[in-house]
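Engineer: Have a look at the structure that comes next, please.
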Amino acid sequence: MSQLRRPLILSLCLVVAGCNAGASGPSGPAGEPIRIGAVFPLGGSAGQLAGYELHGVRIAADMVNADGGVAGRPIQLEVRDVRSAADAAAAMASLQKEGIQVVIGAYGSDLSIAASRAADAAGLVYWEAGAVADRLTGRGLPMVFRVGATGNNLGSNSATFAATELASRLGRATGELRVAIVAADDAYAASVADAAAATSATFDMPVVARATYSLVIPDWSGLMQELAGARPDVVILASHIPDGIAFRRAMLSSGLQVGALIGSTMAECDPDFAGELGAAAIGIFASDRPTGGFQPDALGSGARAVYDRFAQAWGSPPIKDEDSGYGDDAEYTISGPAESASAAATEEALSGFTAAWALFHDVLPAPAAARGLDAQAIAAAANRVDLPTGSLPNGAGLRFSSDQASLGQNERAVAVIWQWQAVRTYSFVWPATFATGPIGFVPLP
């Protein structure tokens with residue numbers, strides 16, 4: 001998910017402008033392609049992981065087309081390379097001019113927020129494939145939808161996991177478990193921290209410290225002193241990759257001891273975290289979206305069949321970078337459910353595929369059959385979908401919120417807790433339906 005990766009070269013052929021088919025109207029005759037805009041940053045620091053996400057979207061389109069398309073019409077992606085929020089409005093205007101009614105994107109939260117705002121203003125449906133910032137679906141925009149998890153989900157999961165699983169292992173009643181919440185000074189981390197604090201309150205867990213650090217010049221020594229004075233049992237951390245690694249190193253240097261450290265995505269679930277820290281990562285938890293290789297029982301039979309087709313189509317990661325944790329040339333060798341499973345995909349790929357599959361397979365058929373594939377009809381169809389948990393290939397269900405504070409957010413999105421349990425080796429440990437191993441290393445070594 002992080003946009004802090006180093007630049008790389010994409011070996012997957014990502015076509016910037018799609019096929020040059022003429023623009024079709026919202027309905028279109030049977031057999032004429034349904035053209036879907038796809039807006040992603042295809043280069044720069046975000047290029048690799050955004051490329052995984054787009055590849056998942058492409059696989060969903062290919063699978064739907066192999067099954068006969070949507071009401072007999074194939075999906076055709078019109079890809080735009082959009083790398084900054086400043087370019088989002090122009091991209092949406094271009095897609096609107098070509099008669100496109102729905103746009104999927106855009107990997108990173110800052111870009112997704114700008115792209116979704118521009119799409120909604122242009123009267124287009126915007127369909128998020130991966131970004132987690134709460135603000136995306138917190139603006140009451142009726143044409144914006146997100147299938148995947150939010151920062152709120154990740155922070156809430158961290159606190160729920162602490163209350164339901166860690167308190168007893170640390171010999172504490174839930175109301176006695178002392179929680180500290182630490183976040184980087186940006187909107188993403190703040191949304192995770194806010195959710196962790198709110199969920200802690202519902203369990204009557206005391207939040208004994210809440211700290212924010214600068215991403216530019218973090219004061220690790222001062223932060224460690226503050227945490228030592230608060231004496232937390234559990235620390236919930238919302239960070240990015242380099243600062244997440246630096247936080248753990250500062251903990252060790254200061255001698256700060258806690259019962260558990262839970263990172264909410266970004267750093268702690270990244271291969272570089274375990275790669276850089278080695279044994280110092282063992283025991284640390286991460287709250288994140290599912291990647292491939294989770295417990296098969298999390299899926300219904302239909303979703304399992306879809307996931308298996310996706311995994312076969314994915315094969316091995318199509319994008320390789322010697323500085324990343326993925327691909328044959330990865331700097332670090334990581335072991336875990338995704339690496340052990342046959343052709344299991346990255347979380348970005350699974351997120352992109354799941355979001356696109358929900359759009360192409362579960363939303364578009366009804367308006368397509370009624371020859372009403374305009375943006376308003378697509379949005380109305382999305383709001384009618386009601387799928388139970390386990391129906392989508394990442395284990396989620398699908399029902400979009402009608403609450404203005406979370407309008408268009410999937411209320412049945414899923415997130416998981418995993419743990420580094422040996423050097424560069426992890427397991428999914430919670431919830432039980434996803435778990436591939438037991439919870440261990442509590443208290444934290």
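Residues are named by chain letter and number: chains run A, B, ... in the order of the structure tokens, numbers start at 1 in each chain, and ligands are numbered from 1 in the order shown.
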Identify, with DSSP run on backbone atoms, the residues in range 200-353 of chain A assigned to helix (DSSP H, G or I), and express the list as a short mmCIF file (atom, residue, chain, number, x, y, z; two decimals) with all heavy atoms, in the first residue's frame.
Structural biologist:
```cif
data_model
loop_
_atom_site.label_atom_id
_atom_site.label_comp_id
_atom_site.auth_asym_id
_atom_site.auth_seq_id
_atom_site.Cartn_x
_atom_site.Cartn_y
_atom_site.Cartn_z
N SER A 200 -11.35 1.22 21.63
CA SER A 200 -10.87 0.98 23.00
C SER A 200 -11.91 1.45 24.01
O SER A 200 -12.16 0.78 25.03
CB SER A 200 -9.54 1.70 23.23
OG SER A 200 -8.52 1.16 22.41
N ALA A 201 -12.53 2.59 23.74
CA ALA A 201 -13.54 3.13 24.65
C ALA A 201 -14.74 2.20 24.76
O ALA A 201 -15.32 2.04 25.84
CB ALA A 201 -13.97 4.51 24.18
N THR A 202 -15.13 1.56 23.65
CA THR A 202 -16.28 0.65 23.71
C THR A 202 -15.99 -0.56 24.57
O THR A 202 -16.92 -1.18 25.11
CB THR A 202 -16.71 0.20 22.30
OG1 THR A 202 -15.68 -0.63 21.73
CG2 THR A 202 -16.99 1.39 21.39
N TRP A 220 12.25 10.24 18.51
CA TRP A 220 12.04 8.90 19.05
C TRP A 220 12.38 8.83 20.54
O TRP A 220 11.69 8.16 21.30
CB TRP A 220 12.87 7.88 18.28
CG TRP A 220 12.51 7.75 16.84
CD1 TRP A 220 13.35 7.87 15.77
CD2 TRP A 220 11.22 7.48 16.29
NE1 TRP A 220 12.66 7.69 14.59
CE2 TRP A 220 11.35 7.44 14.87
CE3 TRP A 220 9.95 7.26 16.84
CZ2 TRP A 220 10.28 7.20 14.02
CZ3 TRP A 220 8.87 7.02 15.99
CH2 TRP A 220 9.05 6.99 14.60
N SER A 221 13.43 9.51 20.95
CA SER A 221 13.82 9.48 22.36
C SER A 221 12.72 10.03 23.26
O SER A 221 12.34 9.42 24.26
CB SER A 221 15.12 10.26 22.57
OG SER A 221 15.47 10.29 23.93
N GLY A 222 12.18 11.19 22.87
CA GLY A 222 11.10 11.79 23.65
C GLY A 222 9.86 10.92 23.66
O GLY A 222 9.17 10.79 24.69
N LEU A 223 9.55 10.29 22.51
CA LEU A 223 8.38 9.42 22.42
C LEU A 223 8.54 8.20 23.32
O LEU A 223 7.60 7.80 24.02
CB LEU A 223 8.16 9.00 20.97
CG LEU A 223 7.00 8.05 20.68
CD1 LEU A 223 5.68 8.63 21.17
CD2 LEU A 223 6.92 7.74 19.19
N MET A 224 9.73 7.62 23.32
CA MET A 224 9.95 6.44 24.16
C MET A 224 9.85 6.80 25.65
O MET A 224 9.33 6.02 26.46
CB MET A 224 11.31 5.82 23.85
CG MET A 224 11.38 5.21 22.46
SD MET A 224 10.08 3.99 22.15
CE MET A 224 9.64 4.38 20.44
N GLN A 225 10.31 7.97 26.01
CA GLN A 225 10.19 8.42 27.40
C GLN A 225 8.72 8.59 27.78
O GLN A 225 8.30 8.22 28.89
CB GLN A 225 10.94 9.73 27.59
CG GLN A 225 12.45 9.60 27.55
CD GLN A 225 13.15 10.93 27.72
OE1 GLN A 225 12.57 11.90 28.19
NE2 GLN A 225 14.43 10.98 27.35
N GLU A 226 7.95 9.16 26.87
CA GLU A 226 6.51 9.32 27.13
C GLU A 226 5.83 7.98 27.32
O GLU A 226 5.01 7.79 28.24
CB GLU A 226 5.86 10.10 25.99
CG GLU A 226 4.37 10.33 26.18
CD GLU A 226 3.73 11.11 25.04
OE1 GLU A 226 4.47 11.59 24.15
OE2 GLU A 226 2.49 11.23 25.03
N LEU A 227 6.16 7.02 26.46
CA LEU A 227 5.54 5.70 26.56
C LEU A 227 5.99 4.98 27.84
O LEU A 227 5.17 4.32 28.51
CB LEU A 227 5.89 4.86 25.34
CG LEU A 227 5.26 5.32 24.02
CD1 LEU A 227 5.78 4.49 22.85
CD2 LEU A 227 3.73 5.22 24.08
N ALA A 228 7.25 5.11 28.17
CA ALA A 228 7.73 4.48 29.40
C ALA A 228 7.00 5.01 30.62
O ALA A 228 6.64 4.25 31.53
CB ALA A 228 9.23 4.70 29.53
N GLY A 229 6.72 6.30 30.63
CA GLY A 229 6.00 6.90 31.74
C GLY A 229 4.55 6.44 31.81
O GLY A 229 3.96 6.37 32.89
N ALA A 230 3.96 6.12 30.66
CA ALA A 230 2.56 5.70 30.61
C ALA A 230 2.38 4.21 30.96
O ALA A 230 1.27 3.79 31.29
CB ALA A 230 1.98 5.97 29.22
N ILE A 241 6.47 2.84 6.29
CA ILE A 241 7.49 1.80 6.36
C ILE A 241 8.77 2.24 7.08
O ILE A 241 9.15 1.64 8.09
CB ILE A 241 7.80 1.26 4.95
CG1 ILE A 241 6.55 0.61 4.36
CG2 ILE A 241 8.92 0.21 5.01
CD1 ILE A 241 6.63 0.28 2.90
N PRO A 242 9.47 3.29 6.62
CA PRO A 242 10.73 3.63 7.30
C PRO A 242 10.55 4.00 8.75
O PRO A 242 11.34 3.60 9.62
CB PRO A 242 11.26 4.82 6.48
CG PRO A 242 10.57 4.74 5.17
CD PRO A 242 9.22 4.16 5.46
N ASP A 243 9.50 4.77 9.06
CA ASP A 243 9.30 5.18 10.45
C ASP A 243 8.80 4.03 11.32
O ASP A 243 9.07 4.00 12.53
CB ASP A 243 8.34 6.38 10.53
CG ASP A 243 7.10 6.21 9.67
OD1 ASP A 243 7.25 6.03 8.46
OD2 ASP A 243 5.98 6.27 10.21
N GLY A 244 8.11 3.06 10.74
CA GLY A 244 7.72 1.88 11.51
C GLY A 244 8.94 1.07 11.93
O GLY A 244 9.02 0.58 13.07
N ILE A 245 9.88 0.92 11.02
CA ILE A 245 11.13 0.23 11.34
C ILE A 245 11.91 1.02 12.39
O ILE A 245 12.42 0.46 13.37
CB ILE A 245 11.97 0.05 10.06
CG1 ILE A 245 11.25 -0.90 9.09
CG2 ILE A 245 13.36 -0.49 10.40
CD1 ILE A 245 11.88 -0.96 7.71
N ALA A 246 11.98 2.35 12.21
CA ALA A 246 12.71 3.20 13.16
C ALA A 246 12.06 3.17 14.55
O ALA A 246 12.77 3.19 15.56
CB ALA A 246 12.76 4.63 12.63
N PHE A 247 10.72 3.11 14.60
CA PHE A 247 10.03 3.03 15.89
C PHE A 247 10.45 1.77 16.65
O PHE A 247 10.75 1.82 17.84
CB PHE A 247 8.52 3.04 15.66
CG PHE A 247 7.71 2.95 16.93
CD1 PHE A 247 7.31 4.10 17.59
CD2 PHE A 247 7.34 1.72 17.46
CE1 PHE A 247 6.56 4.02 18.77
CE2 PHE A 247 6.60 1.63 18.63
CZ PHE A 247 6.21 2.78 19.29
N ARG A 248 10.46 0.64 15.97
CA ARG A 248 10.83 -0.61 16.64
C ARG A 248 12.28 -0.55 17.11
O ARG A 248 12.61 -1.00 18.23
CB ARG A 248 10.61 -1.80 15.70
CG ARG A 248 11.04 -3.15 16.28
CD ARG A 248 10.36 -3.44 17.59
NE ARG A 248 10.67 -4.79 18.08
CZ ARG A 248 10.56 -5.16 19.35
NH1 ARG A 248 10.17 -4.29 20.27
NH2 ARG A 248 10.85 -6.40 19.71
N ARG A 249 13.16 -0.01 16.30
CA ARG A 249 14.55 0.11 16.72
C ARG A 249 14.70 1.03 17.93
O ARG A 249 15.50 0.77 18.84
CB ARG A 249 15.39 0.61 15.55
CG ARG A 249 15.64 -0.46 14.49
CD ARG A 249 16.40 0.06 13.31
NE ARG A 249 16.81 -1.05 12.44
CZ ARG A 249 17.08 -0.92 11.15
NH1 ARG A 249 16.99 0.29 10.57
NH2 ARG A 249 17.45 -1.95 10.43
N ALA A 250 13.90 2.11 17.94
CA ALA A 250 13.95 3.02 19.09
C ALA A 250 13.44 2.33 20.35
O ALA A 250 13.96 2.56 21.45
CB ALA A 250 13.13 4.27 18.79
N MET A 251 12.41 1.49 20.22
CA MET A 251 11.92 0.72 21.35
C MET A 251 13.03 -0.13 21.95
O MET A 251 13.25 -0.15 23.17
CB MET A 251 10.78 -0.22 20.92
CG MET A 251 9.39 0.38 20.91
SD MET A 251 8.14 -0.91 20.55
CE MET A 251 8.22 -1.89 22.07
N LEU A 252 13.74 -0.83 21.09
CA LEU A 252 14.78 -1.73 21.56
C LEU A 252 15.93 -0.95 22.19
O LEU A 252 16.47 -1.35 23.23
CB LEU A 252 15.29 -2.58 20.39
CG LEU A 252 14.25 -3.55 19.80
CD1 LEU A 252 14.77 -4.17 18.51
CD2 LEU A 252 13.89 -4.64 20.79
N SER A 253 16.30 0.16 21.57
CA SER A 253 17.41 0.97 22.10
C SER A 253 17.07 1.55 23.47
O SER A 253 17.94 1.67 24.34
CB SER A 253 17.75 2.10 21.12
OG SER A 253 18.22 1.57 19.91
N SER A 254 15.80 1.92 23.65
CA SER A 254 15.40 2.55 24.90
C SER A 254 15.14 1.54 26.02
O SER A 254 15.04 1.90 27.18
CB SER A 254 14.13 3.39 24.69
OG SER A 254 13.01 2.54 24.47
N PRO A 271 7.30 -6.57 3.71
CA PRO A 271 8.50 -7.41 3.75
C PRO A 271 9.74 -6.67 4.24
O PRO A 271 10.60 -7.27 4.89
CB PRO A 271 8.66 -7.84 2.29
CG PRO A 271 7.28 -7.82 1.74
CD PRO A 271 6.61 -6.65 2.41
N ASP A 272 9.85 -5.38 3.95
CA ASP A 272 11.02 -4.64 4.40
C ASP A 272 11.09 -4.56 5.92
O ASP A 272 12.18 -4.47 6.49
CB ASP A 272 11.02 -3.22 3.82
CG ASP A 272 11.41 -3.20 2.35
OD1 ASP A 272 11.91 -4.24 1.87
OD2 ASP A 272 11.22 -2.17 1.69
N PHE A 273 9.94 -4.55 6.59
CA PHE A 273 9.92 -4.48 8.05
C PHE A 273 10.63 -5.69 8.64
O PHE A 273 11.56 -5.57 9.45
CB PHE A 273 8.48 -4.39 8.55
CG PHE A 273 8.35 -4.25 10.04
CD1 PHE A 273 8.47 -3.00 10.63
CD2 PHE A 273 8.12 -5.34 10.85
CE1 PHE A 273 8.35 -2.84 12.01
CE2 PHE A 273 7.99 -5.20 12.23
CZ PHE A 273 8.12 -3.96 12.81
N ALA A 274 10.21 -6.88 8.23
CA ALA A 274 10.84 -8.10 8.72
C ALA A 274 12.23 -8.27 8.14
O ALA A 274 13.13 -8.79 8.81
CB ALA A 274 9.98 -9.31 8.38
N GLY A 275 12.42 -7.82 6.91
CA GLY A 275 13.72 -7.95 6.29
C GLY A 275 14.78 -7.13 6.99
O GLY A 275 15.89 -7.61 7.26
N GLU A 276 14.44 -5.90 7.33
CA GLU A 276 15.40 -5.01 7.99
C GLU A 276 15.62 -5.40 9.44
O GLU A 276 16.74 -5.33 9.96
CB GLU A 276 14.88 -3.56 7.93
CG GLU A 276 14.84 -2.97 6.54
CD GLU A 276 16.21 -2.55 6.04
OE1 GLU A 276 17.12 -2.38 6.88
OE2 GLU A 276 16.37 -2.41 4.82
N LEU A 277 14.56 -5.81 10.13
CA LEU A 277 14.65 -6.06 11.57
C LEU A 277 15.05 -7.49 11.92
O LEU A 277 15.56 -7.74 13.01
CB LEU A 277 13.32 -5.73 12.23
CG LEU A 277 12.96 -4.25 12.27
CD1 LEU A 277 11.53 -4.07 12.77
CD2 LEU A 277 13.92 -3.47 13.16
N GLY A 278 14.80 -8.44 11.04
CA GLY A 278 15.15 -9.82 11.34
C GLY A 278 14.44 -10.31 12.59
O GLY A 278 13.23 -10.21 12.74
N ALA A 279 15.23 -10.83 13.56
CA ALA A 279 14.64 -11.39 14.78
C ALA A 279 13.90 -10.35 15.60
O ALA A 279 13.01 -10.69 16.38
CB ALA A 279 15.75 -12.04 15.62
N ALA A 280 14.24 -9.06 15.44
CA ALA A 280 13.59 -8.01 16.22
C ALA A 280 12.14 -7.80 15.82
O ALA A 280 11.40 -7.10 16.51
CB ALA A 280 14.36 -6.70 16.08
N ALA A 281 11.71 -8.38 14.69
CA ALA A 281 10.31 -8.29 14.27
C ALA A 281 9.45 -9.39 14.88
O ALA A 281 8.22 -9.29 14.86
CB ALA A 281 10.21 -8.34 12.75
N PRO A 296 -8.87 -21.25 3.76
CA PRO A 296 -9.93 -21.38 2.74
C PRO A 296 -11.35 -21.30 3.30
O PRO A 296 -12.28 -20.92 2.59
CB PRO A 296 -9.66 -22.75 2.11
CG PRO A 296 -8.21 -23.00 2.36
CD PRO A 296 -7.92 -22.37 3.70
N ASP A 297 -11.52 -21.68 4.58
CA ASP A 297 -12.87 -21.68 5.16
C ASP A 297 -13.46 -20.27 5.26
O ASP A 297 -14.66 -20.13 5.55
CB ASP A 297 -12.84 -22.30 6.55
CG ASP A 297 -12.58 -23.80 6.51
OD1 ASP A 297 -12.66 -24.38 5.41
OD2 ASP A 297 -12.27 -24.39 7.56
N ALA A 298 -12.64 -19.24 5.05
CA ALA A 298 -13.16 -17.87 5.09
C ALA A 298 -14.08 -17.58 3.90
O ALA A 298 -14.81 -16.59 3.92
CB ALA A 298 -12.01 -16.86 5.12
N SER A 301 -18.36 -21.34 -1.11
CA SER A 301 -17.92 -22.20 -2.22
C SER A 301 -17.78 -21.42 -3.53
O SER A 301 -16.83 -21.63 -4.28
CB SER A 301 -18.87 -23.37 -2.40
OG SER A 301 -20.20 -22.92 -2.65
N GLY A 302 -18.71 -20.51 -3.78
CA GLY A 302 -18.63 -19.73 -5.01
C GLY A 302 -17.42 -18.81 -5.01
O GLY A 302 -16.69 -18.71 -6.00
N ALA A 303 -17.18 -18.15 -3.87
CA ALA A 303 -16.03 -17.26 -3.77
C ALA A 303 -14.72 -18.04 -3.84
O ALA A 303 -13.73 -17.56 -4.40
CB ALA A 303 -16.10 -16.46 -2.47
N ARG A 304 -14.72 -19.25 -3.29
CA ARG A 304 -13.52 -20.08 -3.34
C ARG A 304 -13.16 -20.42 -4.78
O ARG A 304 -11.99 -20.40 -5.18
CB ARG A 304 -13.75 -21.37 -2.55
CG ARG A 304 -12.52 -22.23 -2.40
CD ARG A 304 -11.60 -21.65 -1.36
NE ARG A 304 -10.27 -21.44 -1.87
CZ ARG A 304 -9.32 -20.80 -1.20
NH1 ARG A 304 -9.57 -20.30 -0.01
NH2 ARG A 304 -8.13 -20.65 -1.72
N ALA A 305 -14.16 -20.75 -5.57
CA ALA A 305 -13.91 -21.08 -6.97
C ALA A 305 -13.36 -19.87 -7.72
O ALA A 305 -12.45 -19.99 -8.55
CB ALA A 305 -15.20 -21.58 -7.63
N VAL A 306 -13.91 -18.68 -7.42
CA VAL A 306 -13.43 -17.46 -8.06
C VAL A 306 -11.99 -17.17 -7.64
O VAL A 306 -11.13 -16.84 -8.46
CB VAL A 306 -14.34 -16.27 -7.71
CG1 VAL A 306 -13.74 -14.95 -8.19
CG2 VAL A 306 -15.72 -16.47 -8.32
N TYR A 307 -11.72 -17.32 -6.33
CA TYR A 307 -10.36 -17.09 -5.84
C TYR A 307 -9.37 -18.04 -6.51
O TYR A 307 -8.26 -17.64 -6.91
CB TYR A 307 -10.30 -17.26 -4.33
CG TYR A 307 -8.89 -17.11 -3.80
CD1 TYR A 307 -8.39 -15.87 -3.46
CD2 TYR A 307 -8.04 -18.21 -3.70
CE1 TYR A 307 -7.07 -15.72 -3.00
CE2 TYR A 307 -6.74 -18.08 -3.26
CZ TYR A 307 -6.26 -16.83 -2.92
OH TYR A 307 -4.96 -16.70 -2.50
N ASP A 308 -9.73 -19.30 -6.64
CA ASP A 308 -8.82 -20.27 -7.24
C ASP A 308 -8.52 -19.91 -8.71
O ASP A 308 -7.38 -20.06 -9.17
CB ASP A 308 -9.42 -21.68 -7.17
CG ASP A 308 -9.42 -22.23 -5.74
OD1 ASP A 308 -8.68 -21.67 -4.89
OD2 ASP A 308 -10.15 -23.20 -5.48
N ARG A 309 -9.51 -19.45 -9.43
CA ARG A 309 -9.27 -19.01 -10.81
C ARG A 309 -8.34 -17.80 -10.84
O ARG A 309 -7.45 -17.71 -11.68
CB ARG A 309 -10.60 -18.65 -11.48
CG ARG A 309 -11.50 -19.83 -11.80
CD ARG A 309 -12.82 -19.35 -12.39
NE ARG A 309 -12.62 -18.68 -13.68
CZ ARG A 309 -13.58 -17.98 -14.29
NH1 ARG A 309 -14.77 -17.83 -13.72
NH2 ARG A 309 -13.32 -17.41 -15.46
N PHE A 310 -8.57 -16.88 -9.91
CA PHE A 310 -7.72 -15.69 -9.83
C PHE A 310 -6.27 -16.08 -9.52
O PHE A 310 -5.33 -15.60 -10.15
CB PHE A 310 -8.27 -14.77 -8.74
CG PHE A 310 -7.28 -13.73 -8.26
CD1 PHE A 310 -6.79 -12.77 -9.12
CD2 PHE A 310 -6.86 -13.72 -6.94
CE1 PHE A 310 -5.88 -11.81 -8.68
CE2 PHE A 310 -5.98 -12.77 -6.48
CZ PHE A 310 -5.48 -11.81 -7.37
N ALA A 311 -6.09 -16.98 -8.53
CA ALA A 311 -4.74 -17.40 -8.16
C ALA A 311 -4.02 -18.05 -9.33
O ALA A 311 -2.83 -17.83 -9.55
CB ALA A 311 -4.80 -18.34 -6.96
N GLN A 312 -4.74 -18.86 -10.09
CA GLN A 312 -4.14 -19.49 -11.25
C GLN A 312 -3.75 -18.46 -12.31
O GLN A 312 -2.69 -18.54 -12.92
CB GLN A 312 -5.10 -20.52 -11.85
CG GLN A 312 -4.51 -21.29 -13.02
CD GLN A 312 -5.46 -22.36 -13.55
OE1 GLN A 312 -6.63 -22.41 -13.16
NE2 GLN A 312 -4.96 -23.21 -14.42
N ALA A 313 -4.61 -17.47 -12.51
CA ALA A 313 -4.31 -16.43 -13.49
C ALA A 313 -3.16 -15.54 -13.04
O ALA A 313 -2.36 -15.07 -13.84
CB ALA A 313 -5.56 -15.57 -13.74
N TRP A 314 -3.09 -15.32 -11.72
CA TRP A 314 -2.02 -14.48 -11.18
C TRP A 314 -0.66 -15.12 -11.40
O TRP A 314 0.29 -14.45 -11.82
CB TRP A 314 -2.27 -14.24 -9.69
CG TRP A 314 -1.14 -13.58 -8.97
CD1 TRP A 314 -0.21 -14.19 -8.17
CD2 TRP A 314 -0.82 -12.19 -8.96
NE1 TRP A 314 0.67 -13.27 -7.68
CE2 TRP A 314 0.32 -12.03 -8.14
CE3 TRP A 314 -1.38 -11.07 -9.56
CZ2 TRP A 314 0.91 -10.79 -7.91
CZ3 TRP A 314 -0.79 -9.83 -9.33
CH2 TRP A 314 0.34 -9.70 -8.51
N PRO A 337 1.86 -17.67 4.65
CA PRO A 337 0.76 -18.28 3.89
C PRO A 337 0.75 -17.92 2.40
O PRO A 337 0.52 -18.78 1.55
CB PRO A 337 -0.49 -17.74 4.59
CG PRO A 337 -0.03 -17.43 5.98
CD PRO A 337 1.38 -16.96 5.84
N ALA A 338 1.01 -16.64 2.08
CA ALA A 338 0.97 -16.24 0.67
C ALA A 338 2.10 -16.88 -0.11
O ALA A 338 1.94 -17.25 -1.27
CB ALA A 338 1.05 -14.72 0.56
N GLU A 339 3.26 -17.01 0.52
CA GLU A 339 4.40 -17.59 -0.16
C GLU A 339 4.30 -19.11 -0.26
O GLU A 339 4.80 -19.71 -1.21
CB GLU A 339 5.70 -17.21 0.57
CG GLU A 339 6.08 -15.75 0.44
CD GLU A 339 5.19 -14.84 1.26
OE1 GLU A 339 4.54 -15.30 2.22
OE2 GLU A 339 5.13 -13.65 0.92
N SER A 340 3.62 -19.72 0.72
CA SER A 340 3.49 -21.18 0.73
C SER A 340 2.37 -21.66 -0.18
O SER A 340 2.44 -22.75 -0.74
CB SER A 340 3.22 -21.66 2.16
OG SER A 340 4.29 -21.30 3.02
N GLU A 347 -1.48 -8.49 -1.34
CA GLU A 347 -2.72 -7.86 -0.89
C GLU A 347 -3.21 -6.83 -1.88
O GLU A 347 -4.42 -6.65 -2.05
CB GLU A 347 -2.53 -7.23 0.48
CG GLU A 347 -1.61 -6.02 0.50
CD GLU A 347 -1.67 -5.27 1.83
OE1 GLU A 347 -2.56 -4.43 1.99
OE2 GLU A 347 -0.81 -5.55 2.65
N GLU A 348 -2.30 -6.12 -2.56
CA GLU A 348 -2.72 -5.12 -3.56
C GLU A 348 -3.45 -5.80 -4.72
O GLU A 348 -4.48 -5.31 -5.18
CB GLU A 348 -1.51 -4.34 -4.07
CG GLU A 348 -0.85 -3.45 -3.04
CD GLU A 348 0.08 -4.21 -2.11
OE1 GLU A 348 0.47 -5.35 -2.45
OE2 GLU A 348 0.42 -3.67 -1.04
N ALA A 349 -2.90 -6.93 -5.18
CA ALA A 349 -3.52 -7.64 -6.29
C ALA A 349 -4.89 -8.19 -5.90
O ALA A 349 -5.86 -8.07 -6.65
CB ALA A 349 -2.62 -8.78 -6.76
N LEU A 350 -4.97 -8.79 -4.70
CA LEU A 350 -6.24 -9.34 -4.25
C LEU A 350 -7.27 -8.24 -4.02
O LEU A 350 -8.46 -8.40 -4.33
CB LEU A 350 -6.04 -10.15 -2.97
CG LEU A 350 -7.28 -10.85 -2.40
CD1 LEU A 350 -7.93 -11.77 -3.43
CD2 LEU A 350 -6.92 -11.63 -1.14
N SER A 351 -6.82 -7.10 -3.50
CA SER A 351 -7.73 -5.97 -3.29
C SER A 351 -8.27 -5.46 -4.62
O SER A 351 -9.47 -5.22 -4.79
CB SER A 351 -7.00 -4.85 -2.55
OG SER A 351 -7.84 -3.73 -2.38
N GLY A 352 -7.37 -5.26 -5.60
CA GLY A 352 -7.80 -4.79 -6.91
C GLY A 352 -8.73 -5.76 -7.60
O GLY A 352 -9.75 -5.38 -8.19
N PHE A 353 -8.39 -7.05 -7.52
CA PHE A 353 -9.24 -8.07 -8.15
C PHE A 353 -10.61 -8.12 -7.50
O PHE A 353 -11.64 -8.15 -8.19
CB PHE A 353 -8.57 -9.44 -8.03
CG PHE A 353 -9.44 -10.56 -8.51
CD1 PHE A 353 -9.61 -10.79 -9.86
CD2 PHE A 353 -10.11 -11.37 -7.61
CE1 PHE A 353 -10.44 -11.82 -10.31
CE2 PHE A 353 -10.93 -12.40 -8.04
CZ PHE A 353 -11.10 -12.62 -9.41
#
```
Engineer: Please report, as a Markdown table, each residue of range 123-224 of chain A lying at most 7 Å from range 375-386 of chain A, together with the nearest pair of atoms and the separation in Å rounded to one decimal; use only C-alpha atoms, and order rows by chain and ascending residue number.
Structural biologist:
```
| residue | atom | partner | partner_atom | distance |
| --- | --- | --- | --- | --- |
| A:Gly123 | CA | A:Ala375 | CA | 6.9 |
| A:Leu124 | CA | A:Ala375 | CA | 5.6 |
| A:Val125 | CA | A:Ala375 | CA | 5.6 |
| A:Met143 | CA | A:Ala379 | CA | 6.2 |
```
Engineer: Save the residues we just selected, all heavy atoms, as a PDB file, in the first residue's frame?
Structural biologist:
```pdb
ATOM      1  N   GLY A 123     -19.950  13.577 -12.735  1.00  0.00           N
ATOM      2  CA  GLY A 123     -21.111  12.704 -12.896  1.00  0.00           C
ATOM      3  C   GLY A 123     -20.756  11.262 -13.180  1.00  0.00           C
ATOM      4  O   GLY A 123     -21.586  10.502 -13.687  1.00  0.00           O
ATOM      5  N   LEU A 124     -19.527  10.856 -12.838  1.00  0.00           N
ATOM      6  CA  LEU A 124     -19.088   9.486 -13.068  1.00  0.00           C
ATOM      7  C   LEU A 124     -19.095   8.705 -11.753  1.00  0.00           C
ATOM      8  O   LEU A 124     -18.908   9.272 -10.683  1.00  0.00           O
ATOM      9  CB  LEU A 124     -17.667   9.463 -13.639  1.00  0.00           C
ATOM     10  CG  LEU A 124     -17.393  10.323 -14.873  1.00  0.00           C
ATOM     11  CD1 LEU A 124     -15.928  10.179 -15.296  1.00  0.00           C
ATOM     12  CD2 LEU A 124     -18.327   9.941 -16.010  1.00  0.00           C
ATOM     13  N   VAL A 125     -19.293   7.408 -11.851  1.00  0.00           N
ATOM     14  CA  VAL A 125     -19.118   6.543 -10.698  1.00  0.00           C
ATOM     15  C   VAL A 125     -17.627   6.339 -10.482  1.00  0.00           C
ATOM     16  O   VAL A 125     -16.880   6.063 -11.422  1.00  0.00           O
ATOM     17  CB  VAL A 125     -19.809   5.178 -10.913  1.00  0.00           C
ATOM     18  CG1 VAL A 125     -19.385   4.171  -9.850  1.00  0.00           C
ATOM     19  CG2 VAL A 125     -21.317   5.337 -10.899  1.00  0.00           C
ATOM     20  N   MET A 143     -21.615   9.121  -5.686  1.00  0.00           N
ATOM     21  CA  MET A 143     -21.112   8.328  -6.802  1.00  0.00           C
ATOM     22  C   MET A 143     -19.784   7.647  -6.473  1.00  0.00           C
ATOM     23  O   MET A 143     -19.130   7.092  -7.357  1.00  0.00           O
ATOM     24  CB  MET A 143     -20.940   9.219  -8.039  1.00  0.00           C
ATOM     25  CG  MET A 143     -22.169  10.010  -8.421  1.00  0.00           C
ATOM     26  SD  MET A 143     -23.530   8.963  -8.980  1.00  0.00           S
ATOM     27  CE  MET A 143     -23.071   8.806 -10.714  1.00  0.00           C
TER      28      MET A 143
END
```
